[in-house]
Amino acid sequence: MTYPLDRRRLLELLGGAAATASLAGRNPLFAEQVAAPPAASADYTIHIGTGPVELAPDHIVSTTLYNGQFPGPLIRFKEGKRTVVDIYNDTDVPELVHWHGQMIPSDVDGAAEEGSPFVPAHGMRRISFVPRPAGFRFYHTHVVAGADLNRGTYTGQAGSVYIEPKSEPGVYDQEIFLVMKEFAPAFSRGGDMAMDMLAPGAPLKELEKEGAKADEAAKGTPKGYEVGYELFSINGKMLGSGEPIRVREGERVLLHVLNASATEIRSLALPGHAFRVVALDGNPVSTQAEVPVLWIGTAERVSAIVEMNHPGVFVLGDLSDEDRQHGMGIVVEYSGRKGKPQWAKPKPFRWDYTRFSKPNGALPSPDETIAIEIVKHNAAASGFNLWTLNGEAFSMETMKPLYKIEQARRYRLKFRNASDDIHPLHLHRHSFELARVGGQATAGVIKDVVMLGGFQEIEFDFVADNPGRTLFHCHQQLHMDFGFMALFDYVQA
Ligand SMILES: [Cu+2]
């Protein structure tokens, strides 16, 4: 089906959000269905614009969206098949769409720090790239929010990407994408982040001392602002207000779960059921392990198979009672079962990445190790905590690359966290392999975001195999906006 250009124009003129939403609802993303003559048509079209999200009948928020919906349309790419994407920015401010977890050139990756051009306000940009690698990725805005809670990942600019491999074994009966996301953010003092969910590893005395030194240097300044939320959702619906996940006894359901939060770590449990984790950040794990709870850092993804072998009606929800009661959950309903969805708090469970590693695995020595110490400077940036990596806060003015890397070399990044916060560390344009978690050697866990616990250490390796400027940052929006970024630049040997 093709909409003539004038009809599309008319719809746009008729009024932003509603028209865009109805278009998107009928024809998610397929450019040839909504725009332009075939010769000029893109494979996908993304419209960035403001619109309403009905989280529940009495909770409708206005935010910035992709194609008028939250989450943004699920995009299925084919691995290795060049793809053209048109990005229209219908807002008043420049935007960036970042292709999280893909290994594509810097100018289309969607980070200004790497040299990707902005999509101008009320303008458009056509990009083209070869999607890779196969697996569960996502797309989201990459602009600085700073003190503006209507920008960056506080908005509704996020959606799942699935890059289809050339062949895929079908070992499941249903495939379901779940996007966990909070709305209605506000600043607060002090957070409520769960701190004891990571294993192995315990806070290191030496790092606690470093942290105390930074506190002293701040001369008693209390810690800076944090962000809290009023409304919580899965796939843009508060618990109980959307359609349930409908299953049959005996089915194997593959869940692809994305934590699209700007700042929070999320958890998920389904009473009476276990999750068999098959991929982390879209990358198949070395060992598929069954766990009762998923802990998912900001921007992490977990793919897990649930065997539906416990008929009933349940809440698939976050362990935090408060967040679940404010919407962070979705109902799972077995065929023929009715009644109030059941919830039961699981026993305490620590998330251990090494559960999914190669048995007794260890990585070879890298060509070079780069040690990075993370320090928090309390409220040092207009009331916000300022973050330094080896003493330097990233400057958006100079965008100076901090680390030079050479193609084909294997680098080990060794992070030492001298703060009490958990950091979801993210490397663009490359995957990395965990080398050491909480002092324990490991191999075979390949990711693009990893949580580093308070006052702990983590090490991961990456191979410099995708030339171009490459951004590293904490995915917690408040941290990345206030110093917690570093640029890697390729140099000739
Ligand atoms: Cu952080």
# chains A, B, ... in the order shown; residues from 1 in each chain; ligands from 1
>>> residues_around(residues="segment 354-369 of chain A", least_positions_apart="5", cutoff="8 Å", atoms="only C-alpha atoms", output="count of residues only")
20
>>> residues_around(residues="Ile458 of chain A", least_positions_apart="4", cutoff="7 Å", atoms="only C-alpha atoms", output="list in words")
Lys414, Phe415, Arg416, Arg436, Val437, Gly438 and Leu452 of chain A
>>> select_by_dssp(residues="segment 187-242 of chain A", states="helix (DSSP H, G or I)", output="ChimeraX atom specification")
/A:205-217
>>> atom_distance(atom1="atom CA of Ser419 of chain A", atom2="atom CA of Leu207 of chain A")
7.7 Å
>>> residues_near_ligand(ligand="ligand 1", cutoff="6 Å", atoms="only C-alpha atoms and all ligand atoms", output="ChimeraX atom specification")
/A:423-424,474,476,479
>>> atom_distance(atom1="atom CA of His310 of chain A", atom2="atom CA of Asp173 of chain A")
16.3 Å
